[in-house]
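Pasted below: entry08.cif, mmCIF, C-alpha atoms and all ligand atoms.
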data_my_file
#
loop_
_atom_site.group_PDB
_atom_site.id
_atom_site.type_symbol
_atom_site.label_atom_id
_atom_site.label_comp_id
_atom_site.auth_asym_id
_atom_site.auth_seq_id
_atom_site.Cartn_x
_atom_site.Cartn_y
_atom_site.Cartn_z
ATOM 1 C CA MET A 1 55.713 5.005 -276.926
ATOM 2 C CA LYS A 2 57.482 6.910 -274.245
ATOM 3 C CA ASP A 3 54.257 7.432 -272.442
ATOM 4 C CA MET A 4 53.483 3.745 -272.521
ATOM 5 C CA GLU A 5 56.838 2.901 -271.009
ATOM 6 C CA LYS A 6 56.315 5.527 -268.384
ATOM 7 C CA GLN A 7 52.938 4.001 -267.637
ATOM 8 C CA LYS A 8 54.492 0.543 -267.359
ATOM 9 C CA THR A 9 57.145 1.773 -264.969
ATOM 10 C CA LEU A 10 54.571 3.534 -262.858
ATOM 11 C CA LEU A 11 52.529 0.372 -262.704
ATOM 12 C CA LYS A 12 55.583 -1.576 -261.672
ATOM 13 C CA ILE A 13 56.347 0.868 -258.907
ATOM 14 C CA GLN A 14 52.765 0.703 -257.736
ATOM 15 C CA GLU A 15 52.951 -3.074 -257.712
ATOM 16 C CA LEU A 16 56.175 -3.016 -255.825
ATOM 17 C CA GLU A 17 54.802 -0.560 -253.318
ATOM 18 C CA GLU A 18 51.832 -2.806 -252.802
ATOM 19 C CA THR A 19 53.985 -5.820 -252.209
ATOM 20 C CA ILE A 20 56.091 -4.079 -249.659
ATOM 21 C CA SER A 21 53.380 -1.857 -248.200
ATOM 22 C CA PRO A 22 53.995 -1.715 -244.457
ATOM 23 C CA LEU A 23 50.432 -2.692 -243.622
ATOM 24 C CA LYS A 24 50.472 -5.706 -245.907
ATOM 25 C CA PHE A 25 53.861 -6.686 -244.611
ATOM 26 C CA GLU A 26 52.682 -6.399 -241.030
ATOM 27 C CA GLN A 27 49.627 -8.504 -241.785
ATOM 28 C CA GLN A 28 51.763 -11.122 -243.431
ATOM 29 C CA LEU A 29 54.081 -11.091 -240.454
ATOM 30 C CA ASP A 30 51.130 -11.475 -238.104
ATOM 31 C CA ASN A 31 49.873 -14.425 -240.106
ATOM 32 C CA GLU A 32 53.259 -16.099 -240.038
ATOM 33 C CA TYR A 33 53.572 -15.446 -236.331
ATOM 34 C CA GLU A 34 50.150 -16.958 -235.626
ATOM 35 C CA LYS A 35 51.123 -20.026 -237.647
ATOM 36 C CA PHE A 36 54.416 -20.243 -235.779
ATOM 37 C CA LYS A 37 52.663 -19.890 -232.412
ATOM 38 C CA ALA A 38 50.190 -22.630 -233.272
ATOM 39 C CA LYS A 39 53.010 -24.925 -234.357
ATOM 40 C CA THR A 40 55.041 -24.218 -231.226
ATOM 41 C CA TRP A 41 51.994 -24.788 -229.078
ATOM 42 C CA ASP A 42 51.324 -28.118 -230.769
ATOM 43 C CA ARG A 43 54.939 -29.139 -230.323
ATOM 44 C CA LYS A 44 54.926 -28.138 -226.658
ATOM 45 C CA ARG A 45 51.672 -29.971 -226.051
ATOM 46 C CA ALA A 46 53.018 -33.084 -227.762
ATOM 47 C CA ALA A 47 56.201 -32.931 -225.679
ATOM 48 C CA LYS A 48 54.210 -32.527 -222.484
ATOM 49 C CA ALA A 49 51.979 -35.465 -223.356
ATOM 50 C CA GLU A 50 55.050 -37.596 -224.120
ATOM 51 C CA LEU A 51 56.559 -36.629 -220.763
ATOM 52 C CA THR A 52 53.368 -37.535 -218.907
ATOM 53 C CA ARG A 53 53.177 -40.890 -220.717
ATOM 54 C CA GLY A 54 56.809 -41.640 -219.870
ATOM 55 C CA ILE A 55 56.331 -40.792 -216.225
ATOM 56 C CA ASP A 56 53.170 -42.881 -215.990
ATOM 57 C CA ARG A 57 55.007 -45.863 -217.486
ATOM 58 C CA LEU A 58 57.808 -45.365 -214.972
ATOM 59 C CA ILE A 59 55.404 -45.201 -212.022
ATOM 60 C CA ASP A 60 53.681 -48.375 -213.265
ATOM 61 C CA ILE A 61 57.017 -50.210 -213.380
ATOM 62 C CA VAL A 62 57.993 -49.046 -209.902
ATOM 63 C CA LYS A 63 54.609 -49.960 -208.450
ATOM 64 C CA SER A 64 54.334 -53.337 -210.170
ATOM 65 C CA PRO A 65 55.357 -55.719 -207.343
ATOM 66 C CA PRO A 66 52.273 -55.216 -205.145
ATOM 67 C CA ASP A 67 53.912 -55.989 -201.788
ATOM 68 C CA SER A 68 56.920 -53.727 -202.335
ATOM 69 C CA THR A 69 57.828 -50.293 -201.032
ATOM 70 C CA PRO A 70 58.165 -48.242 -204.196
ATOM 71 C CA PHE A 71 61.061 -45.829 -204.188
ATOM 72 C CA ILE A 72 62.581 -43.729 -206.956
ATOM 73 C CA ALA A 73 66.177 -42.616 -206.585
ATOM 74 C CA MET A 74 67.089 -39.944 -209.092
ATOM 75 C CA GLY A 75 70.640 -38.857 -209.779
ATOM 76 C CA ASP A 76 71.363 -35.271 -208.830
ATOM 77 C CA GLY A 77 73.435 -34.633 -211.969
ATOM 78 C CA LYS A 78 72.713 -31.436 -213.858
ATOM 79 C CA PHE A 79 72.877 -31.525 -217.621
ATOM 80 C CA GLY A 80 73.431 -28.475 -219.725
ATOM 81 C CA ILE A 81 74.559 -25.091 -218.571
ATOM 82 C CA LYS A 82 71.518 -23.250 -219.858
ATOM 83 C CA ARG A 83 70.090 -20.693 -217.464
ATOM 84 C CA GLY A 84 66.721 -21.409 -215.957
ATOM 85 C CA PRO A 85 65.059 -24.781 -215.418
ATOM 86 C CA THR A 86 66.573 -27.504 -217.567
ATOM 87 C CA PHE A 87 64.709 -30.489 -218.974
ATOM 88 C CA THR A 88 66.073 -32.522 -216.044
ATOM 89 C CA ASP A 89 64.486 -30.070 -213.583
ATOM 90 C CA LYS A 90 61.138 -30.184 -215.355
ATOM 91 C CA PHE A 91 61.263 -33.976 -215.559
ATOM 92 C CA ALA A 92 62.191 -34.277 -211.871
ATOM 93 C CA LYS A 93 59.424 -31.918 -210.808
ATOM 94 C CA ALA A 94 56.788 -33.719 -212.871
ATOM 95 C CA LEU A 95 58.007 -37.103 -211.653
ATOM 96 C CA TYR A 96 58.001 -35.930 -208.046
ATOM 97 C CA THR A 97 54.424 -34.641 -208.246
ATOM 98 C CA ARG A 98 53.256 -37.846 -209.896
ATOM 99 C CA SER A 99 55.158 -40.001 -207.359
ATOM 100 C CA GLN A 100 53.524 -38.220 -204.437
ATOM 101 C CA GLY A 101 50.098 -38.843 -205.923
ATOM 102 C CA ALA A 102 50.885 -42.527 -206.470
ATOM 103 C CA GLY A 103 52.358 -43.145 -203.012
ATOM 104 C CA VAL A 104 55.879 -43.588 -204.349
ATOM 105 C CA ARG A 105 58.798 -42.061 -202.488
ATOM 106 C CA MET A 106 61.290 -40.155 -204.548
ATOM 107 C CA HIS A 107 64.662 -38.738 -203.568
ATOM 108 C CA TYR A 108 67.671 -37.248 -205.223
ATOM 109 C CA VAL A 109 70.847 -39.225 -204.695
ATOM 110 C CA SER A 110 74.430 -38.178 -205.244
ATOM 111 C CA GLU A 111 75.824 -39.314 -208.583
ATOM 112 C CA PHE A 112 79.377 -38.853 -207.466
ATOM 113 C CA LYS A 113 81.586 -41.636 -208.925
ATOM 114 C CA THR A 114 78.550 -43.725 -209.948
ATOM 115 C CA SER A 115 79.606 -43.754 -213.585
ATOM 116 C CA MET A 116 83.270 -44.262 -212.768
ATOM 117 C CA LEU A 117 83.233 -47.175 -210.325
ATOM 118 C CA CYS A 118 82.071 -50.685 -211.162
ATOM 119 C CA CYS A 119 78.607 -51.509 -209.765
ATOM 120 C CA ARG A 120 79.751 -55.071 -209.013
ATOM 121 C CA CYS A 121 83.146 -54.725 -207.338
ATOM 122 C CA LYS A 122 83.513 -50.947 -206.914
ATOM 123 C CA SER A 123 86.899 -50.867 -208.651
ATOM 124 C CA LYS A 124 87.722 -48.170 -211.147
ATOM 125 C CA THR A 125 86.451 -48.796 -214.671
ATOM 126 C CA VAL A 126 87.766 -47.708 -218.055
ATOM 127 C CA LYS A 127 85.481 -45.763 -220.404
ATOM 128 C CA LYS A 128 84.883 -47.381 -223.818
ATOM 129 C CA GLY A 129 82.437 -45.149 -225.632
ATOM 130 C CA ARG A 130 78.974 -45.865 -224.254
ATOM 131 C CA GLN A 131 80.377 -48.710 -222.180
ATOM 132 C CA VAL A 132 82.559 -49.127 -219.145
ATOM 133 C CA LEU A 133 85.121 -51.861 -218.817
ATOM 134 C CA CYS A 134 85.964 -53.397 -215.442
ATOM 135 C CA LYS A 135 89.509 -54.660 -215.948
ATOM 136 C CA VAL A 136 90.493 -55.521 -212.402
ATOM 137 C CA GLY A 137 87.555 -56.813 -210.390
ATOM 138 C CA CYS A 138 85.360 -58.387 -213.051
ATOM 139 C CA GLN A 139 87.893 -59.810 -215.555
ATOM 140 C CA GLY A 140 87.154 -57.411 -218.368
ATOM 141 C CA ALA A 141 83.388 -57.351 -218.050
ATOM 142 C CA LYS A 142 81.763 -54.598 -220.096
ATOM 143 C CA ARG A 143 78.587 -52.804 -219.106
ATOM 144 C CA ASP A 144 76.532 -49.985 -220.502
ATOM 145 C CA ARG A 145 77.691 -46.752 -218.904
ATOM 146 C CA ASP A 146 74.165 -45.693 -217.841
ATOM 147 C CA ASP A 147 73.221 -49.185 -216.646
ATOM 148 C CA ASN A 148 76.321 -49.230 -214.463
ATOM 149 C CA ALA A 149 75.577 -45.788 -212.995
ATOM 150 C CA SER A 150 71.908 -46.609 -212.377
ATOM 151 C CA GLN A 151 72.812 -49.909 -210.722
ATOM 152 C CA ASN A 152 75.285 -48.060 -208.510
ATOM 153 C CA MET A 153 72.621 -45.542 -207.497
ATOM 154 C CA ALA A 154 70.152 -48.336 -206.741
ATOM 155 C CA ASN A 155 72.757 -50.209 -204.667
ATOM 156 C CA LEU A 156 73.731 -47.049 -202.808
ATOM 157 C CA THR A 157 70.105 -46.226 -202.021
ATOM 158 C CA HIS A 158 69.511 -49.755 -200.707
ATOM 159 C CA HIS A 159 72.662 -49.507 -198.651
ATOM 160 C CA TYR A 160 71.606 -46.142 -197.265
ATOM 161 C CA VAL A 161 68.118 -47.339 -196.337
ATOM 162 C CA ASP A 162 69.622 -50.340 -194.504
ATOM 163 C CA ASN A 163 72.621 -48.663 -192.849
ATOM 164 C CA LEU A 164 71.968 -44.924 -192.868
ATOM 165 C CA GLU A 165 75.414 -44.246 -194.288
ATOM 166 C CA TRP A 166 76.835 -43.516 -197.720
ATOM 167 C CA PRO A 167 79.812 -45.730 -198.674
ATOM 168 C CA THR A 168 83.085 -43.802 -198.494
ATOM 169 C CA GLU A 169 84.103 -44.668 -202.082
ATOM 170 C CA PHE A 170 81.120 -42.675 -203.300
ATOM 171 C CA GLN A 171 81.376 -39.751 -200.930
ATOM 172 C CA ARG A 172 82.152 -36.343 -202.333
ATOM 173 C CA PRO A 173 85.323 -35.001 -200.783
ATOM 174 C CA ALA A 174 84.385 -32.419 -198.148
ATOM 175 C CA ARG A 175 85.113 -28.860 -199.175
ATOM 176 C CA LEU A 176 87.318 -26.803 -196.952
ATOM 177 C CA PRO A 177 85.449 -24.060 -195.166
ATOM 178 C CA ALA A 178 85.941 -20.732 -196.905
ATOM 179 C CA ILE A 179 88.181 -18.152 -195.255
ATOM 180 C CA ASN A 180 86.705 -14.651 -195.102
HETATM 181 ZN ZN ZN B 1 83.963 -54.864 -211.385
#
Now that the file is in, can you turn its structure into structure tokens?
Amino acid sequence: MKDMEKQKTLLKIQELEETISPLKFEQQLDNEYEKFKAKTWDRKRAAKAELTRGIDRLIDIVKSPPDSTPFIAMGDGKFGIKRGPTFTDKFAKALYTRSQGAGVRMHYVSEFKTSMLCCRCKSKTVKKGRQVLCKVGCQGAKRDRDDNASQNMANLTHHYVDNLEWPTEFQRPARLPAIN
């Protein structure tokens, strides 16, 4: 009886050793890693394809009036404080390359005050969640925050192309030169 129990315990230990044998564990880890890599690769490829599709749609929209001069003005805002290239950088780079190929001009424009000032009357707006409210100039008109900023950037770009100057309301205050 004692011997049988001893045998059972030994078998259990053997089983346990097999389950946690370093080689087996390493193989299992390798398998999992391969699976993970394949998944990540698929996800990255899908994201890249989605980005390309988005950019192509954008270029098509910009190019649609045939007798126009297509121009993309992209805000110079940086999102996220992560080190290295952000999604915005990758998007901008891909869009720039695609624009060049399609004969579309693309430039960065300053976003300074574009989300704060009203795109209609340039007075200061009040933030209401995703919207901005123009109390003074536009009798309480509400606009989507991003629509307002984009419209401002489009207006500013048009203004710049026509007059070669950036309206003072949207100019970044000049920094004082550094001493030392
Ligand atoms: Zn307004």
Stretch 117-119 of chain A environment, 12 Å, all atoms listed in the file, sequence neighbours closer than 3 positions dropped, as a tab-separated table (two decimals) with C-alpha atoms, in the frame of the given file:
chain	number	residue	atom	x	y	z
A	111	GLU	CA	75.82	-39.31	-208.58
A	112	PHE	CA	79.38	-38.85	-207.47
A	113	LYS	CA	81.59	-41.64	-208.92
A	114	THR	CA	78.55	-43.72	-209.95
A	122	LYS	CA	83.51	-50.95	-206.91
A	123	SER	CA	86.90	-50.87	-208.65
A	124	LYS	CA	87.72	-48.17	-211.15
A	125	THR	CA	86.45	-48.80	-214.67
A	126	VAL	CA	87.77	-47.71	-218.06
A	127	LYS	CA	85.48	-45.76	-220.40
A	131	GLN	CA	80.38	-48.71	-222.18
A	132	VAL	CA	82.56	-49.13	-219.14
A	133	LEU	CA	85.12	-51.86	-218.82
A	134	CYS	CA	85.96	-53.40	-215.44
A	135	LYS	CA	89.51	-54.66	-215.95
A	136	VAL	CA	90.49	-55.52	-212.40
A	137	GLY	CA	87.56	-56.81	-210.39
A	138	CYS	CA	85.36	-58.39	-213.05
A	139	GLN	CA	87.89	-59.81	-215.56
A	140	GLY	CA	87.15	-57.41	-218.37
A	141	ALA	CA	83.39	-57.35	-218.05
A	142	LYS	CA	81.76	-54.60	-220.10
A	143	ARG	CA	78.59	-52.80	-219.11
A	144	ASP	CA	76.53	-49.98	-220.50
A	145	ARG	CA	77.69	-46.75	-218.90
A	146	ASP	CA	74.17	-45.69	-217.84
A	147	ASP	CA	73.22	-49.18	-216.65
A	148	ASN	CA	76.32	-49.23	-214.46
A	149	ALA	CA	75.58	-45.79	-213.00
A	150	SER	CA	71.91	-46.61	-212.38
A	151	GLN	CA	72.81	-49.91	-210.72
A	152	ASN	CA	75.28	-48.06	-208.51
A	153	MET	CA	72.62	-45.54	-207.50
A	154	ALA	CA	70.15	-48.34	-206.74
A	155	ASN	CA	72.76	-50.21	-204.67
A	156	LEU	CA	73.73	-47.05	-202.81
A	169	GLU	CA	84.10	-44.67	-202.08
A	170	PHE	CA	81.12	-42.68	-203.30
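Here atom CA of A:Tyr108 is placed at a distance of 5.7 Å from atom CA of A:Gly75.
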re atom CA of A:His107 and atom CA of A:Ile61: distance 16.9 Å
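Among the candidates A:Cys121, A:Arg83, A:Ser110, A:Asp89, the one nearest to ligand ZN 1 (chain B) when counting all atoms listed in the file is A:Cys121.
From atom CA of A:Val109 back to atom CA of A:Thr157, the distance works out to 7.5 Å.
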Within 10 Å of stretch 100-105 of chain A, counting only C-alpha atoms, which residues show up once you throw out same-chain ones fewer than 3 positions away? Write them as a CSV table (one decimal) with C-alpha atoms, in the frame of the given file, please.
chain,number,residue,atom,x,y,z
A,56,ASP,CA,53.2,-42.9,-216.0
A,59,ILE,CA,55.4,-45.2,-212.0
A,60,ASP,CA,53.7,-48.4,-213.3
A,62,VAL,CA,58.0,-49.0,-209.9
A,63,LYS,CA,54.6,-50.0,-208.4
A,69,THR,CA,57.8,-50.3,-201.0
A,70,PRO,CA,58.2,-48.2,-204.2
A,71,PHE,CA,61.1,-45.8,-204.2
A,72,ILE,CA,62.6,-43.7,-207.0
A,73,ALA,CA,66.2,-42.6,-206.6
A,95,LEU,CA,58.0,-37.1,-211.7
A,96,TYR,CA,58.0,-35.9,-208.0
A,97,THR,CA,54.4,-34.6,-208.2
Across A:Ser21, A:Lys35, A:Gln28, A:Phe91, the smallest distance to A:Ile55, with all atoms listed in the file counted, is shown by A:Phe91
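Minimum atom-to-atom distance to A:Ala47, evaluated using only C-alpha atoms, belongs to A:Phe87 out of A:Thr9, A:Lys24, A:Phe87, A:Glu15.
Ranking A:Val161, A:Met116, A:Gln171, A:Thr86 by their shortest atom-to-atom distance to ligand ZN 1 (chain B), with only C-alpha atoms and all ligand atoms included, puts A:Met116 first.
For the choices A:Lys44, A:Lys78, A:Arg120, A:Lys37, the atom-to-atom distance to ligand ZN 1 (chain B) is smallest for A:Arg120 when using all atoms listed in the file.
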With 3 Å of padding per side, what axis-aligned box (centre and edge lengths, Å, one decimal) covers all the listed atoms of stretch 159-170 of chain A? Give it as JSON.
{"center_x": 76.1, "center_y": -46.5, "center_z": -198.1, "size_x": 22.0, "size_y": 13.7, "size_z": 16.5}
File output, stretch 19-57 of chain A (N, CA and C atoms) as a PDB file, in the first residue's frame:
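The result, written out as decode.pdb:
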ATOM      1  N   THR A  19       5.070  18.975 -17.166  1.00  0.00           N
ATOM      2  CA  THR A  19       4.293  20.168 -17.489  1.00  0.00           C
ATOM      3  C   THR A  19       5.139  21.436 -17.397  1.00  0.00           C
ATOM      4  N   ILE A  20       6.009  21.454 -16.435  1.00  0.00           N
ATOM      5  CA  ILE A  20       6.790  22.681 -16.297  1.00  0.00           C
ATOM      6  C   ILE A  20       8.229  22.513 -16.800  1.00  0.00           C
ATOM      7  N   SER A  21       8.449  21.466 -17.616  1.00  0.00           N
ATOM      8  CA  SER A  21       9.816  21.287 -18.118  1.00  0.00           C
ATOM      9  C   SER A  21      10.220  22.525 -18.914  1.00  0.00           C
ATOM     10  N   PRO A  22      11.416  23.023 -18.690  1.00  0.00           N
ATOM     11  CA  PRO A  22      11.826  24.273 -19.321  1.00  0.00           C
ATOM     12  C   PRO A  22      11.693  24.249 -20.839  1.00  0.00           C
ATOM     13  N   LEU A  23      12.031  23.098 -21.427  1.00  0.00           N
ATOM     14  CA  LEU A  23      11.973  23.002 -22.886  1.00  0.00           C
ATOM     15  C   LEU A  23      10.539  23.152 -23.388  1.00  0.00           C
ATOM     16  N   LYS A  24       9.642  22.386 -22.712  1.00  0.00           N
ATOM     17  CA  LYS A  24       8.239  22.435 -23.089  1.00  0.00           C
ATOM     18  C   LYS A  24       7.685  23.855 -22.908  1.00  0.00           C
ATOM     19  N   PHE A  25       8.074  24.433 -21.807  1.00  0.00           N
ATOM     20  CA  PHE A  25       7.610  25.779 -21.492  1.00  0.00           C
ATOM     21  C   PHE A  25       8.086  26.765 -22.553  1.00  0.00           C
ATOM     22  N   GLU A  26       9.342  26.613 -22.932  1.00  0.00           N
ATOM     23  CA  GLU A  26       9.919  27.495 -23.946  1.00  0.00           C
ATOM     24  C   GLU A  26       9.205  27.341 -25.286  1.00  0.00           C
ATOM     25  N   GLN A  27       8.917  26.053 -25.600  1.00  0.00           N
ATOM     26  CA  GLN A  27       8.207  25.795 -26.864  1.00  0.00           C
ATOM     27  C   GLN A  27       6.823  26.437 -26.853  1.00  0.00           C
ATOM     28  N   GLN A  28       6.178  26.270 -25.710  1.00  0.00           N
ATOM     29  CA  GLN A  28       4.835  26.838 -25.572  1.00  0.00           C
ATOM     30  C   GLN A  28       4.889  28.365 -25.720  1.00  0.00           C
ATOM     31  N   LEU A  29       5.909  28.919 -25.112  1.00  0.00           N
ATOM     32  CA  LEU A  29       6.098  30.368 -25.150  1.00  0.00           C
ATOM     33  C   LEU A  29       6.337  30.833 -26.584  1.00  0.00           C
ATOM     34  N   ASP A  30       7.169  30.052 -27.284  1.00  0.00           N
ATOM     35  CA  ASP A  30       7.454  30.348 -28.691  1.00  0.00           C
ATOM     36  C   ASP A  30       6.184  30.338 -29.512  1.00  0.00           C
ATOM     37  N   ASN A  31       5.374  29.270 -29.278  1.00  0.00           N
ATOM     38  CA  ASN A  31       4.112  29.160 -30.002  1.00  0.00           C
ATOM     39  C   ASN A  31       3.233  30.369 -29.775  1.00  0.00           C
ATOM     40  N   GLU A  32       3.102  30.728 -28.489  1.00  0.00           N
ATOM     41  CA  GLU A  32       2.254  31.867 -28.134  1.00  0.00           C
ATOM     42  C   GLU A  32       2.782  33.145 -28.775  1.00  0.00           C
ATOM     43  N   TYR A  33       4.100  33.264 -28.776  1.00  0.00           N
ATOM     44  CA  TYR A  33       4.716  34.467 -29.335  1.00  0.00           C
ATOM     45  C   TYR A  33       4.472  34.558 -30.833  1.00  0.00           C
ATOM     46  N   GLU A  34       4.590  33.406 -31.514  1.00  0.00           N
ATOM     47  CA  GLU A  34       4.327  33.374 -32.961  1.00  0.00           C
ATOM     48  C   GLU A  34       2.891  33.795 -33.252  1.00  0.00           C
ATOM     49  N   LYS A  35       1.977  33.250 -32.421  1.00  0.00           N
ATOM     50  CA  LYS A  35       0.550  33.588 -32.588  1.00  0.00           C
ATOM     51  C   LYS A  35       0.340  35.085 -32.384  1.00  0.00           C
ATOM     52  N   PHE A  36       0.993  35.597 -31.342  1.00  0.00           N
ATOM     53  CA  PHE A  36       0.876  37.017 -31.003  1.00  0.00           C
ATOM     54  C   PHE A  36       1.415  37.886 -32.139  1.00  0.00           C
ATOM     55  N   LYS A  37       2.586  37.446 -32.680  1.00  0.00           N
ATOM     56  CA  LYS A  37       3.210  38.205 -33.774  1.00  0.00           C
ATOM     57  C   LYS A  37       2.301  38.238 -34.997  1.00  0.00           C
ATOM     58  N   ALA A  38       1.710  37.088 -35.306  1.00  0.00           N
ATOM     59  CA  ALA A  38       0.827  37.006 -36.465  1.00  0.00           C
ATOM     60  C   ALA A  38      -0.374  37.925 -36.292  1.00  0.00           C
ATOM     61  N   LYS A  39      -0.913  37.911 -35.067  1.00  0.00           N
ATOM     62  CA  LYS A  39      -2.078  38.758 -34.766  1.00  0.00           C
ATOM     63  C   LYS A  39      -1.718  40.231 -34.899  1.00  0.00           C
ATOM     64  N   THR A  40      -0.572  40.601 -34.305  1.00  0.00           N
ATOM     65  CA  THR A  40      -0.127  41.990 -34.347  1.00  0.00           C
ATOM     66  C   THR A  40       0.103  42.431 -35.786  1.00  0.00           C
ATOM     67  N   TRP A  41       0.703  41.507 -36.559  1.00  0.00           N
ATOM     68  CA  TRP A  41       0.980  41.830 -37.948  1.00  0.00           C
ATOM     69  C   TRP A  41      -0.314  42.071 -38.714  1.00  0.00           C
ATOM     70  N   ASP A  42      -1.291  41.206 -38.471  1.00  0.00           N
ATOM     71  CA  ASP A  42      -2.600  41.355 -39.113  1.00  0.00           C
ATOM     72  C   ASP A  42      -3.229  42.690 -38.746  1.00  0.00           C
ATOM     73  N   ARG A  43      -3.143  43.016 -37.449  1.00  0.00           N
ATOM     74  CA  ARG A  43      -3.746  44.249 -36.963  1.00  0.00           C
ATOM     75  C   ARG A  43      -3.065  45.460 -37.589  1.00  0.00           C
ATOM     76  N   LYS A  44      -1.717  45.396 -37.661  1.00  0.00           N
ATOM     77  CA  LYS A  44      -0.967  46.499 -38.246  1.00  0.00           C
ATOM     78  C   LYS A  44      -1.303  46.658 -39.722  1.00  0.00           C
ATOM     79  N   ARG A  45      -1.401  45.510 -40.403  1.00  0.00           N
ATOM     80  CA  ARG A  45      -1.700  45.550 -41.835  1.00  0.00           C
ATOM     81  C   ARG A  45      -3.092  46.126 -42.071  1.00  0.00           C
ATOM     82  N   ALA A  46      -4.032  45.729 -41.217  1.00  0.00           N
ATOM     83  CA  ALA A  46      -5.404  46.229 -41.338  1.00  0.00           C
ATOM     84  C   ALA A  46      -5.434  47.741 -41.097  1.00  0.00           C
ATOM     85  N   ALA A  47      -4.676  48.186 -40.096  1.00  0.00           N
ATOM     86  CA  ALA A  47      -4.640  49.616 -39.778  1.00  0.00           C
ATOM     87  C   ALA A  47      -4.031  50.407 -40.928  1.00  0.00           C
ATOM     88  N   LYS A  48      -2.994  49.840 -41.519  1.00  0.00           N
ATOM     89  CA  LYS A  48      -2.319  50.518 -42.630  1.00  0.00           C
ATOM     90  C   LYS A  48      -3.255  50.622 -43.837  1.00  0.00           C
ATOM     91  N   ALA A  49      -3.971  49.538 -44.091  1.00  0.00           N
ATOM     92  CA  ALA A  49      -4.910  49.528 -45.215  1.00  0.00           C
ATOM     93  C   ALA A  49      -6.012  50.558 -44.997  1.00  0.00           C
ATOM     94  N   GLU A  50      -6.488  50.655 -43.746  1.00  0.00           N
ATOM     95  CA  GLU A  50      -7.544  51.606 -43.400  1.00  0.00           C
ATOM     96  C   GLU A  50      -7.036  53.039 -43.607  1.00  0.00           C
ATOM     97  N   LEU A  51      -5.798  53.264 -43.224  1.00  0.00           N
ATOM     98  CA  LEU A  51      -5.181  54.588 -43.378  1.00  0.00           C
ATOM     99  C   LEU A  51      -5.080  54.961 -44.855  1.00  0.00           C
ATOM    100  N   THR A  52      -4.619  54.009 -45.663  1.00  0.00           N
ATOM    101  CA  THR A  52      -4.487  54.248 -47.100  1.00  0.00           C
ATOM    102  C   THR A  52      -5.849  54.549 -47.718  1.00  0.00           C
ATOM    103  N   ARG A  53      -6.864  53.766 -47.315  1.00  0.00           N
ATOM    104  CA  ARG A  53      -8.221  53.991 -47.849  1.00  0.00           C
ATOM    105  C   ARG A  53      -8.713  55.381 -47.483  1.00  0.00           C
ATOM    106  N   GLY A  54      -8.495  55.771 -46.236  1.00  0.00           N
ATOM    107  CA  GLY A  54      -8.931  57.088 -45.755  1.00  0.00           C
ATOM    108  C   GLY A  54      -8.272  58.204 -46.534  1.00  0.00           C
ATOM    109  N   ILE A  55      -6.979  58.063 -46.740  1.00  0.00           N
ATOM    110  CA  ILE A  55      -6.223  59.089 -47.456  1.00  0.00           C
ATOM    111  C   ILE A  55      -6.666  59.176 -48.912  1.00  0.00           C
ATOM    112  N   ASP A  56      -6.907  58.025 -49.527  1.00  0.00           N
ATOM    113  CA  ASP A  56      -7.381  58.021 -50.909  1.00  0.00           C
ATOM    114  C   ASP A  56      -8.732  58.719 -51.037  1.00  0.00           C
ATOM    115  N   ARG A  57      -9.614  58.451 -50.065  1.00  0.00           N
ATOM    116  CA  ARG A  57     -10.935  59.110 -50.075  1.00  0.00           C
ATOM    117  C   ARG A  57     -10.756  60.627 -49.979  1.00  0.00           C
TER     118      ARG A  57
END
